[in-house]
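A.B. asks: The structure under discussion is supplied below as structure tokens; questions concerning it will follow.
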Amino acid sequence: SSIWLSFTNYDIITPPKWVGWANYQSLATDDAMFWRSLWVTLRYAATCVPLGIVAGVALALLLHVKTRGVRLFRTILFMPSVMPTVATSVVFAWLLNPEIGLINGLLKAVGIQGPAWLQDTSWAPWSLVLMSVWGVGGSMVIYLAGLKDIPEYLYEAAAIDGAGGWQRLRHITLPMLTPVIFFNLVMGIIAAFQYFTQAYIMTRGGPEGSTTFYALYLFQRSWKYFDMGYACAMAWILFLVIMVITGMAFKSSGKWVYRGG
């Protein structure tokens, strides 16, 4: 039904009126915010997804050791990923407050003038990126499971052949971990293009539209302006964008993802 509604003018109150391709044409030619929200989302995904992969793998490697207290550290780092998103957003809105926030307070204590994190067009998008890294513990646990699945005899054979730590990481650990990296890559792409809650609670798309993500703009068109037909068209464009980028990831996986046998 949403496909059909995307070709109509529908405001919930009155019956849908068929307008053909008008919604899609308006998106492509008349709506500057559509293109800006798509760019904001693409930039976020291009930054957040690789950063999350690198941070997740790094933490998993650090915690893939047999030492006292490692389970406690794993639990501490995993906890942010299961915290309610709304509660996390409210806490970070306070932490990043330029006047009374803890982060700027700590920076001031060492003689650094902190920026207006969420009120500055230059800093606001990157503040949300940094916030996303705080919840990287969920992917870290998946990487830990992947590390535990790598056969120990590969490391033993490499050590006998004289391979050092860096060589074992480069030629054994990372290649054997690529299926897990690929899984988190695909899931990260899908999640990044649906980014909504944090921006809605912390910035409402501001300042000056710098954090108006695609999903947030879709929400505004549907539930603020009640332009449901237009919003359905946006939703199907988002679906196609995610499908194309995910398809490109699958296409490239044959060149870098190790598949046993």
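Numbering starts fresh at 1 for the residues of each chain in the structure tokens, the chains themselves are lettered A, B, ... in the order given, and ligands are numbered from 1 as they appear.
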Tell me, as an NGL selection string, which residues lie within 12 Å of Thr173 (chain A), counting only C-alpha atoms; anything in the same chain fewer than 4 positions away does not count.

C.D. replies: :A and (57-58 or 60-61 or 64 or 143-144 or 146-152 or 154-155 or 158 or 165-169 or 177-181 or 258)

A.B. asks: Compile a residue-level contact table for region 42-62 of chain A against region 108-132 of chain A at a cut-off of 8 Å, reporting for every qualifying residue the shortest atom pair and its distance in Å to one decimal, with only C-alpha atoms counted, rows ordered by chain and ascending number, as a tab-separated table.

C.D. replies:
```
residue	atom	partner	partner_atom	distance
A:Tyr44	CA	A:Val129	CA	6.9
A:Thr47	CA	A:Val129	CA	7.4
A:Cys48	CA	A:Val129	CA	5.8
A:Gly52	CA	A:Ser132	CA	7.8
```

A.B. asks: Among the residues of region 4-133 of chain A, find those DSSP assigns to alpha helix (DSSP H) from the backbone and print them as a compact mmCIF listing (two decimals) with N, CA, C and O atoms, in the first residue's frame.

C.D. replies:
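Result file follows (result_20.txt):
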```txt
# COMPACT_ATOMS: atom_id res chain seq x y z
N TRP A 4 1.68 2.33 -3.51
CA TRP A 4 0.56 3.04 -4.13
C TRP A 4 0.41 4.45 -3.56
O TRP A 4 0.22 5.41 -4.30
N LEU A 5 0.56 4.57 -2.23
CA LEU A 5 0.43 5.89 -1.60
C LEU A 5 1.52 6.85 -2.05
O LEU A 5 1.32 8.07 -2.05
N ALA A 22 4.42 12.80 -9.47
CA ALA A 22 4.64 14.16 -8.98
C ALA A 22 5.50 14.18 -7.72
O ALA A 22 6.37 15.06 -7.57
N ASN A 23 5.27 13.26 -6.80
CA ASN A 23 6.06 13.24 -5.56
C ASN A 23 7.53 12.99 -5.86
O ASN A 23 8.42 13.66 -5.30
N TYR A 24 7.81 12.04 -6.73
CA TYR A 24 9.20 11.72 -7.06
C TYR A 24 9.85 12.86 -7.84
O TYR A 24 11.04 13.16 -7.62
N GLN A 25 9.11 13.49 -8.72
CA GLN A 25 9.65 14.62 -9.47
C GLN A 25 9.96 15.79 -8.54
O GLN A 25 10.98 16.48 -8.70
N SER A 26 9.08 16.02 -7.58
CA SER A 26 9.31 17.10 -6.62
C SER A 26 10.54 16.84 -5.77
O SER A 26 11.33 17.75 -5.49
N LEU A 27 10.72 15.58 -5.36
CA LEU A 27 11.91 15.22 -4.59
C LEU A 27 13.19 15.47 -5.37
O LEU A 27 14.17 15.99 -4.84
N ALA A 28 13.15 15.13 -6.65
CA ALA A 28 14.35 15.21 -7.47
C ALA A 28 14.69 16.64 -7.89
O ALA A 28 15.87 16.98 -8.03
N THR A 29 13.69 17.48 -8.07
CA THR A 29 13.94 18.79 -8.68
C THR A 29 13.62 19.99 -7.79
O THR A 29 14.22 21.06 -7.98
N ALA A 32 15.21 20.92 -1.92
CA ALA A 32 16.63 21.00 -1.57
C ALA A 32 16.93 20.26 -0.27
O ALA A 32 18.02 19.68 -0.12
N MET A 33 15.97 20.23 0.66
CA MET A 33 16.20 19.54 1.93
C MET A 33 16.31 18.02 1.73
O MET A 33 17.01 17.35 2.50
N PHE A 34 15.63 17.50 0.72
CA PHE A 34 15.76 16.06 0.42
C PHE A 34 17.21 15.72 0.11
O PHE A 34 17.78 14.77 0.65
N TRP A 35 17.83 16.50 -0.77
CA TRP A 35 19.21 16.23 -1.14
C TRP A 35 20.16 16.49 0.01
O TRP A 35 21.14 15.76 0.19
N ARG A 36 19.87 17.51 0.81
CA ARG A 36 20.74 17.81 1.94
C ARG A 36 20.66 16.70 3.00
O ARG A 36 21.69 16.28 3.53
N SER A 37 19.46 16.23 3.29
CA SER A 37 19.31 15.16 4.28
C SER A 37 19.97 13.88 3.79
O SER A 37 20.56 13.13 4.58
N LEU A 38 19.90 13.63 2.47
CA LEU A 38 20.57 12.44 1.92
C LEU A 38 22.08 12.58 2.05
O LEU A 38 22.78 11.61 2.39
N TRP A 39 22.60 13.79 1.80
CA TRP A 39 24.03 14.02 1.93
C TRP A 39 24.48 13.88 3.39
O TRP A 39 25.53 13.27 3.67
N VAL A 40 23.70 14.43 4.33
CA VAL A 40 24.04 14.32 5.75
C VAL A 40 24.10 12.85 6.17
O VAL A 40 25.01 12.41 6.89
N THR A 41 23.15 12.05 5.68
CA THR A 41 23.10 10.63 6.02
C THR A 41 24.25 9.87 5.38
O THR A 41 24.88 9.01 6.03
N LEU A 42 24.55 10.15 4.13
CA LEU A 42 25.67 9.50 3.44
C LEU A 42 26.99 9.82 4.15
O LEU A 42 27.83 8.92 4.35
N ARG A 43 27.18 11.07 4.52
CA ARG A 43 28.42 11.46 5.21
C ARG A 43 28.53 10.77 6.55
O ARG A 43 29.62 10.30 6.94
N TYR A 44 27.42 10.67 7.27
CA TYR A 44 27.43 9.99 8.55
C TYR A 44 27.77 8.51 8.37
O TYR A 44 28.61 7.96 9.10
N ALA A 45 27.13 7.85 7.40
CA ALA A 45 27.39 6.43 7.18
C ALA A 45 28.83 6.19 6.76
O ALA A 45 29.48 5.23 7.22
N ALA A 46 29.36 7.06 5.87
CA ALA A 46 30.73 6.89 5.39
C ALA A 46 31.76 7.08 6.50
O ALA A 46 32.89 6.58 6.40
N THR A 47 31.40 7.81 7.55
CA THR A 47 32.31 8.04 8.67
C THR A 47 32.08 7.06 9.80
O THR A 47 33.03 6.46 10.33
N CYS A 48 30.82 6.87 10.16
CA CYS A 48 30.49 6.09 11.35
C CYS A 48 30.73 4.60 11.15
O CYS A 48 31.24 3.92 12.05
N VAL A 49 30.38 4.07 9.99
CA VAL A 49 30.49 2.62 9.77
C VAL A 49 31.96 2.17 9.81
O VAL A 49 32.30 1.25 10.57
N PRO A 50 32.87 2.78 9.03
CA PRO A 50 34.28 2.36 9.14
C PRO A 50 34.87 2.59 10.53
O PRO A 50 35.63 1.75 11.02
N LEU A 51 34.52 3.71 11.16
CA LEU A 51 35.03 3.99 12.50
C LEU A 51 34.55 2.95 13.49
O LEU A 51 35.31 2.49 14.36
N GLY A 52 33.27 2.54 13.37
CA GLY A 52 32.74 1.51 14.25
C GLY A 52 33.42 0.18 14.05
O GLY A 52 33.67 -0.56 15.02
N ILE A 53 33.75 -0.16 12.80
CA ILE A 53 34.44 -1.42 12.52
C ILE A 53 35.83 -1.42 13.13
O ILE A 53 36.24 -2.38 13.80
N VAL A 54 36.57 -0.33 12.91
CA VAL A 54 37.93 -0.25 13.44
C VAL A 54 37.92 -0.30 14.97
O VAL A 54 38.70 -1.05 15.59
N ALA A 55 37.02 0.47 15.59
CA ALA A 55 36.96 0.50 17.06
C ALA A 55 36.52 -0.86 17.61
O ALA A 55 37.07 -1.33 18.61
N GLY A 56 35.54 -1.49 16.95
CA GLY A 56 35.06 -2.78 17.42
C GLY A 56 36.13 -3.86 17.34
O GLY A 56 36.31 -4.66 18.28
N VAL A 57 36.84 -3.92 16.22
CA VAL A 57 37.91 -4.91 16.06
C VAL A 57 39.03 -4.65 17.05
O VAL A 57 39.57 -5.58 17.67
N ALA A 58 39.40 -3.38 17.23
CA ALA A 58 40.48 -3.03 18.16
C ALA A 58 40.14 -3.44 19.59
O ALA A 58 40.96 -4.04 20.29
N LEU A 59 38.92 -3.14 20.02
CA LEU A 59 38.51 -3.53 21.37
C LEU A 59 38.45 -5.04 21.53
O LEU A 59 38.84 -5.59 22.56
N ALA A 60 37.96 -5.73 20.50
CA ALA A 60 37.89 -7.20 20.56
C ALA A 60 39.29 -7.80 20.68
O ALA A 60 39.51 -8.75 21.45
N LEU A 61 40.25 -7.26 19.93
CA LEU A 61 41.62 -7.76 20.02
C LEU A 61 42.21 -7.50 21.41
O LEU A 61 42.92 -8.36 21.96
N LEU A 62 41.91 -6.34 21.98
CA LEU A 62 42.43 -6.03 23.32
C LEU A 62 41.83 -6.95 24.39
O LEU A 62 42.51 -7.31 25.36
N LEU A 63 40.57 -7.32 24.21
CA LEU A 63 39.89 -8.12 25.23
C LEU A 63 39.92 -9.60 24.93
O LEU A 63 39.33 -10.40 25.67
N VAL A 70 39.20 -9.70 32.77
CA VAL A 70 38.83 -9.38 31.39
C VAL A 70 37.32 -9.44 31.19
O VAL A 70 36.74 -8.68 30.39
N ARG A 71 36.66 -10.34 31.90
CA ARG A 71 35.20 -10.44 31.77
C ARG A 71 34.51 -9.17 32.26
O ARG A 71 33.49 -8.74 31.71
N LEU A 72 35.06 -8.57 33.30
CA LEU A 72 34.50 -7.32 33.81
C LEU A 72 34.60 -6.22 32.77
O LEU A 72 33.64 -5.47 32.54
N PHE A 73 35.76 -6.11 32.12
CA PHE A 73 35.94 -5.08 31.10
C PHE A 73 35.04 -5.34 29.90
O PHE A 73 34.51 -4.40 29.29
N ARG A 74 34.85 -6.60 29.54
CA ARG A 74 33.94 -6.92 28.44
C ARG A 74 32.52 -6.48 28.77
O ARG A 74 31.81 -5.92 27.93
N THR A 75 32.11 -6.72 30.00
CA THR A 75 30.76 -6.33 30.42
C THR A 75 30.60 -4.82 30.41
O THR A 75 29.59 -4.28 29.93
N ILE A 76 31.61 -4.10 30.93
CA ILE A 76 31.55 -2.64 30.99
C ILE A 76 31.43 -2.05 29.59
O ILE A 76 30.64 -1.14 29.33
N LEU A 77 32.22 -2.57 28.65
CA LEU A 77 32.22 -2.03 27.29
C LEU A 77 30.99 -2.45 26.49
O LEU A 77 30.61 -1.78 25.54
N PHE A 78 30.36 -3.57 26.91
CA PHE A 78 29.17 -4.02 26.20
C PHE A 78 27.91 -3.29 26.67
O PHE A 78 26.97 -3.10 25.90
N THR A 85 18.09 3.92 23.88
CA THR A 85 18.62 4.99 23.04
C THR A 85 18.17 6.37 23.52
O THR A 85 18.95 7.33 23.50
N VAL A 86 16.92 6.46 23.97
CA VAL A 86 16.41 7.75 24.43
C VAL A 86 17.17 8.22 25.68
O VAL A 86 17.59 9.38 25.77
N ALA A 87 17.39 7.31 26.61
CA ALA A 87 18.12 7.67 27.83
C ALA A 87 19.55 8.08 27.50
O ALA A 87 20.07 9.07 28.04
N THR A 88 20.19 7.35 26.60
CA THR A 88 21.55 7.68 26.19
C THR A 88 21.60 9.06 25.55
O THR A 88 22.52 9.85 25.81
N SER A 89 20.62 9.36 24.71
CA SER A 89 20.59 10.65 24.03
C SER A 89 20.44 11.80 25.02
O SER A 89 21.09 12.85 24.88
N VAL A 90 19.59 11.62 26.02
CA VAL A 90 19.40 12.67 27.03
C VAL A 90 20.68 12.89 27.82
O VAL A 90 21.07 14.04 28.09
N VAL A 91 21.36 11.81 28.18
CA VAL A 91 22.61 11.94 28.94
C VAL A 91 23.67 12.66 28.11
O VAL A 91 24.36 13.56 28.61
N PHE A 92 23.79 12.29 26.83
CA PHE A 92 24.80 12.92 25.99
C PHE A 92 24.45 14.38 25.69
O PHE A 92 25.35 15.20 25.49
N ALA A 93 23.18 14.70 25.64
CA ALA A 93 22.79 16.10 25.46
C ALA A 93 23.30 16.94 26.62
O ALA A 93 23.69 18.11 26.44
N TRP A 94 23.30 16.37 27.82
CA TRP A 94 23.85 17.09 28.98
C TRP A 94 25.37 17.10 28.93
O TRP A 94 26.00 18.14 29.18
N LEU A 95 26.00 15.96 28.61
CA LEU A 95 27.46 15.89 28.55
C LEU A 95 28.03 16.90 27.56
O LEU A 95 29.09 17.49 27.79
N LEU A 102 29.65 18.16 31.17
CA LEU A 102 30.84 17.59 31.82
C LEU A 102 32.06 17.66 30.91
O LEU A 102 33.17 17.93 31.39
N ILE A 103 31.88 17.41 29.60
CA ILE A 103 33.03 17.37 28.69
C ILE A 103 33.71 18.73 28.61
O ILE A 103 34.94 18.84 28.75
N ASN A 104 32.93 19.79 28.40
CA ASN A 104 33.54 21.12 28.36
C ASN A 104 34.09 21.53 29.72
O ASN A 104 35.05 22.30 29.81
N GLY A 105 33.47 21.02 30.80
CA GLY A 105 33.99 21.30 32.13
C GLY A 105 35.37 20.71 32.33
O GLY A 105 36.27 21.34 32.90
N LEU A 106 35.57 19.47 31.84
CA LEU A 106 36.88 18.84 31.94
C LEU A 106 37.90 19.54 31.06
O LEU A 106 39.07 19.71 31.45
N LEU A 107 37.47 19.96 29.86
CA LEU A 107 38.38 20.67 28.98
C LEU A 107 38.80 22.02 29.58
O LEU A 107 39.96 22.42 29.49
N LYS A 108 37.84 22.69 30.21
CA LYS A 108 38.15 23.97 30.84
C LYS A 108 39.14 23.82 31.98
O LYS A 108 39.98 24.69 32.23
N ALA A 109 39.05 22.67 32.67
CA ALA A 109 39.94 22.42 33.80
C ALA A 109 41.41 22.31 33.36
O ALA A 109 42.31 22.57 34.16
N ALA A 124 28.26 19.68 15.27
CA ALA A 124 27.09 18.86 15.59
C ALA A 124 27.11 17.48 14.91
O ALA A 124 26.89 16.46 15.58
N PRO A 125 27.36 17.39 13.59
CA PRO A 125 27.37 16.05 12.97
C PRO A 125 28.45 15.15 13.55
O PRO A 125 28.21 13.95 13.77
N TRP A 126 29.63 15.71 13.82
CA TRP A 126 30.72 14.89 14.35
C TRP A 126 30.49 14.52 15.81
O TRP A 126 31.01 13.48 16.27
N SER A 127 29.72 15.31 16.53
CA SER A 127 29.36 14.94 17.90
C SER A 127 28.53 13.67 17.90
O SER A 127 28.71 12.78 18.74
N LEU A 128 27.62 13.56 16.94
CA LEU A 128 26.78 12.36 16.83
C LEU A 128 27.61 11.15 16.39
O LEU A 128 27.34 10.03 16.80
N VAL A 129 28.61 11.39 15.55
CA VAL A 129 29.50 10.30 15.15
C VAL A 129 30.28 9.78 16.35
O VAL A 129 30.37 8.56 16.57
N LEU A 130 30.84 10.68 17.14
CA LEU A 130 31.59 10.28 18.34
C LEU A 130 30.69 9.55 19.33
O LEU A 130 31.10 8.59 19.98
N MET A 131 29.45 9.99 19.43
CA MET A 131 28.50 9.33 20.32
C MET A 131 28.24 7.90 19.87
O MET A 131 28.09 6.99 20.69
N SER A 132 28.20 7.67 18.56
CA SER A 132 27.93 6.32 18.05
C SER A 132 29.05 5.35 18.42
O SER A 132 28.81 4.16 18.63
N VAL A 133 30.29 5.86 18.51
CA VAL A 133 31.41 5.00 18.87
C VAL A 133 31.28 4.51 20.30
O VAL A 133 31.75 3.42 20.64
```

A.B. asks: Counting only C-alpha atoms, figure out which residue out of A:Ala231, A:Val186, A:Ala192, A:Ile160 gets nearest to Met248 (chain A).

C.D. replies: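 For Met248 (chain A), the nearest of the given residues is A:Val186.
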
A.B. asks: What gap, in Å, lies between CA of Arg204 (chain A) and CA of Met228 (chain A)?

C.D. replies: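 Calculated distance between CA of Arg204 (chain A) and CA of Met228 (chain A) is 19.9 Å.
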
A.B. asks: Excluding Arg259 (chain A) and any residue of its chain fewer than 2 positions from it, enumerate the residues within 10 Å of it, using only C-alpha atoms, and give them as a PyMOL selection string.

C.D. replies: chain A and resi 175-176+178-179+253-254+256-257+261

A.B. asks: List every residue of region 5-248 of chain A that DSSP, applied to the backbone of this structure, assigns to strand (DSSP E or B), and report them as a list in words.

C.D. replies: Thr8, Asn9, Lys17 and Trp18 of chain A

A.B. asks: Put those residues in a file: N, CA and C atoms, as a short mmCIF file (atom, residue, chain, number, x, y, z; two decimals), in the first residue's frame.

C.D. replies:
```
data_model
loop_
_atom_site.label_atom_id
_atom_site.label_comp_id
_atom_site.auth_asym_id
_atom_site.auth_seq_id
_atom_site.Cartn_x
_atom_site.Cartn_y
_atom_site.Cartn_z
N THR A 8 0.40 9.24 -4.63
CA THR A 8 -0.81 10.00 -4.30
C THR A 8 -0.47 11.20 -3.43
N ASN A 9 -1.44 12.09 -3.32
CA ASN A 9 -1.39 13.19 -2.36
C ASN A 9 -2.31 12.78 -1.21
N LYS A 17 -5.35 11.12 -3.26
CA LYS A 17 -5.63 11.61 -4.61
C LYS A 17 -4.44 11.27 -5.50
N TRP A 18 -4.69 10.57 -6.59
CA TRP A 18 -3.64 10.12 -7.48
C TRP A 18 -2.95 11.31 -8.15
#
```

A.B. asks: With a distance cut-off of 10 Å and only C-alpha atoms, select the neighbouring residues of Thr246 (chain A), excluding the residue or stretch itself and same-chain residues fewer than 5 positions from it, and output the selection as a list of chain:residue names.

C.D. replies: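 Residues meeting the cut-off are A:Leu185, A:Val186, A:Met187, A:Ile189, A:Ile190, A:Leu240, A:Val241, A:Lys251, A:Ser252.
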
A.B. asks: Give me the residues within 6 Å of Gly138 (chain A) as a VMD selection string, counting only C-alpha atoms and dropping any in the same chain fewer than 2 places off.

C.D. replies: chain A and resid 78 81 136 140 to 141

A.B. asks: Take the residues from that selection and put them in a file with N, CA, C and O atoms, as a PDB file, in the first residue's frame.

C.D. replies:
```
ATOM      1  N   PHE A  78      30.363  -3.566  26.906  1.00  0.00           N
ATOM      2  CA  PHE A  78      29.167  -4.021  26.202  1.00  0.00           C
ATOM      3  C   PHE A  78      27.913  -3.289  26.674  1.00  0.00           C
ATOM      4  O   PHE A  78      26.967  -3.099  25.904  1.00  0.00           O
ATOM      5  N   SER A  81      25.763  -0.602  24.629  1.00  0.00           N
ATOM      6  CA  SER A  81      24.999  -1.035  23.464  1.00  0.00           C
ATOM      7  C   SER A  81      23.606  -1.528  23.820  1.00  0.00           C
ATOM      8  O   SER A  81      22.754  -1.650  22.937  1.00  0.00           O
ATOM      9  N   VAL A 136      29.829   0.953  20.627  1.00  0.00           N
ATOM     10  CA  VAL A 136      30.422  -0.046  19.736  1.00  0.00           C
ATOM     11  C   VAL A 136      30.551  -1.414  20.400  1.00  0.00           C
ATOM     12  O   VAL A 136      30.961  -2.386  19.754  1.00  0.00           O
ATOM     13  N   MET A 140      31.562  -5.356  19.138  1.00  0.00           N
ATOM     14  CA  MET A 140      32.757  -5.908  19.768  1.00  0.00           C
ATOM     15  C   MET A 140      32.531  -7.349  20.201  1.00  0.00           C
ATOM     16  O   MET A 140      33.402  -8.218  20.022  1.00  0.00           O
ATOM     17  N   VAL A 141      31.361  -7.638  20.755  1.00  0.00           N
ATOM     18  CA  VAL A 141      31.055  -8.992  21.205  1.00  0.00           C
ATOM     19  C   VAL A 141      31.014  -9.961  20.021  1.00  0.00           C
ATOM     20  O   VAL A 141      31.477 -11.106  20.110  1.00  0.00           O
TER      21      VAL A 141
END
```

A.B. asks: Can you work out the spacing between CA of Tyr214 (chain A) and CA of Tyr200 (chain A) in Å, to one decimal?

C.D. replies: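 Taking CA of Tyr214 (chain A) as the start and CA of Tyr200 (chain A) as the end point, the length is 11.4 Å.
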
A.B. asks: Please measure the separation of CA of Thr211 (chain A) and CA of Gln194 (chain A), giving the value in Å to one decimal.

C.D. replies: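 So the answer is 13.1 Å.
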
A.B. asks: Closest to Gly137 (chain A) among A:Ala157, A:Leu216, A:Gly101, A:Met83, using only C-alpha atoms?

C.D. replies: A:Met83
